Amino acid sequence: MSDAAFLPAVRAPIGAGEFDRDSALTPRGPGVYDIDLGHGWTILDTVNGGFLLAVVGRALGDALPHPDPFTVSAHYLTATVPGPAVVRTETIRAGRTLSTGQASLFQYDENGAEVERIRVLASYGDLDALPDDVRTTARPPELPPAEECVDSQDGPSPTDWPIAERLRLRLDPATLGWAAGRPSGKGETRGWLGLADGRDPDPFSLLMAVDVLPPTAFDLGLTGWVPTVELTVQVRCRPAPGPLRVSIVTRNFAGGFLEEDAEVWDSADRLVAQSRQFARARLG
């Protein structure tokens with residue numbers, strides 16, 4: 001694996017980066033957290049759904065007896081914009097190895113009333129307590145070296161995609177035909193992923209990783225916004241330091257909706273997260 005050109009010379013310590021700062025919540029009371037969502041994690045003035053999932057995931061990680069997300073399912077009800085928000089959590093069950101909770105993120109309308117943006121149901125555990133036994137037929141995606149991939153900031157204008165400045169995202173040229181008006185029709189997106197400030201991945205950044213690559217709808221020849229309806233993420237183990245490899249594929253677009261199946265692999269060649277997303281897309 002060639003990642004020397006991908007990684008900064010010195011990695012920032014955990015807790016020192018933009019992701020930690022901007023996803024941090026302030027406790028208001030038991031199970032209730034405030035946050036001011038910044039413009040830096042948006043696409044077309046809408047806060048990225050993966051970043052939102054990480055924010056809500058952090059709140060649940062604080063509220064539940066167990067620290068790590070194992071499986072997280074989110075329904076996106078209305079678009080989230082930069083500005084103040086509140087996350088309200090509830091513990092549903094606290095078991096010995098797993099705890100289950102739910103949470104919702106709210107913003108405020110012009111009258112100051114709360115509007116629910118996203119609702120999450122999740123089970124948490126301790127990733128460090130999992131056994132080491134792995135039996136799998138899954139294989140990491142085949143990617144060119146990071147230096148031979150396309151920097152995401154060479155694509156959309158930073159004013160349209162501010163989140164790109166927070167990421168070190170290198171996209172496989174084989175999945176970028178749509179950018180030149182030649183989508184392959186395969187519905188595939190692949191790339192190397194890290195945080196621009198050098199912070200190593202953790203379970204909460206994995207919740208974001210499954211939703212920051214360009215939509216597979218583009219490779220199907222579909223254009224425009226692809227809003228998420230539902231997103232479920234399974235975190236399989238704590239990621240090793242270094243860049244991630246993310247592969248996303250869509251097999252079926254019908255009735256104006258598609259699914260996206262994502263895999264996230266770490267630098268130790270382990271499958272650290274999987275997801276399925278159900279999203280709306282329009283004909284281009």
# chains A, B, ... in the order shown; residues from 1 in each chain; ligands from 1
>>> closest_atom_pairs(of="stretch 56-137 of chain A", to="stretch 21-45 of chain A", cutoff="6 Å", atoms="only C-alpha atoms", output="JSON lines")
{"residue": "A:Ala63", "atom": "CA", "partner": "A:Gly31", "partner_atom": "CA", "distance": 5.8}
{"residue": "A:Pro82", "atom": "CA", "partner": "A:Leu37", "partner_atom": "CA", "distance": 4.9}
{"residue": "A:Gly83", "atom": "CA", "partner": "A:Leu37", "partner_atom": "CA", "distance": 5.0}
{"residue": "A:Pro84", "atom": "CA", "partner": "A:Asp36", "partner_atom": "CA", "distance": 4.3}
{"residue": "A:Ala85", "atom": "CA", "partner": "A:Ile35", "partner_atom": "CA", "distance": 5.4}
{"residue": "A:Val86", "atom": "CA", "partner": "A:Asp34", "partner_atom": "CA", "distance": 4.5}
{"residue": "A:Val87", "atom": "CA", "partner": "A:Tyr33", "partner_atom": "CA", "distance": 5.1}
{"residue": "A:Arg88", "atom": "CA", "partner": "A:Val32", "partner_atom": "CA", "distance": 4.6}
{"residue": "A:Thr89", "atom": "CA", "partner": "A:Gly31", "partner_atom": "CA", "distance": 5.0}
>>> residues_around(residues="A:Ile163", least_positions_apart="4", cutoff="12 Å", atoms="only C-alpha atoms", output="JSON, numbers by chain")
{"A": [18, 19, 22, 38, 39, 40, 41, 42, 43, 44, 45, 46, 47, 48, 49, 50, 51, 152, 153, 156, 157, 158, 159, 167, 168, 169, 195, 196, 208, 209, 211, 212, 213, 214]}
>>> closest_residue(among="A:Gln234, A:Asp197, A:Leu121, A:Ala103", to="A:Glu165", atoms="only C-alpha atoms")
A:Asp197
>>> select_by_dssp(residues="stretch 60-172 of chain A", states="helix (DSSP H, G or I)", output="ChimeraX atom specification")
/A:60-63,127-129,146-148,152-154,162-166
>>> closest_residue(among="A:Val249, A:Leu231, A:Leu258, A:Val115", to="A:Gln277", atoms="only C-alpha atoms")
A:Leu231
>>> select_by_dssp(residues="stretch 76-229 of chain A", states="strand (DSSP E or B)", output="PyMOL selection string")
chain A and resi 76+83-94+99-108+114-125+150-151+167-171+188-195+223+228-229
>>> atom_distance(atom1="atom CA of A:Ala74", atom2="atom CA of A:Trp178")
28.7 Å
>>> atom_distance(atom1="atom CA of A:Ala122", atom2="atom CA of A:Leu206")
14.6 Å
>>> closest_residue(among="A:Leu207, A:Leu176, A:Arg93, A:Leu220", to="A:Ser73", atoms="only C-alpha atoms")
A:Leu207
>>> closest_residue(among="A:Asp154, A:Ala164, A:Gly57, A:His66", to="A:Leu105", atoms="only C-alpha atoms")
A:Gly57
>>> closest_residue(among="A:Trp265, A:Trp161, A:Phe253, A:Tyr108", to="A:Val210", atoms="only C-alpha atoms")
A:Trp265
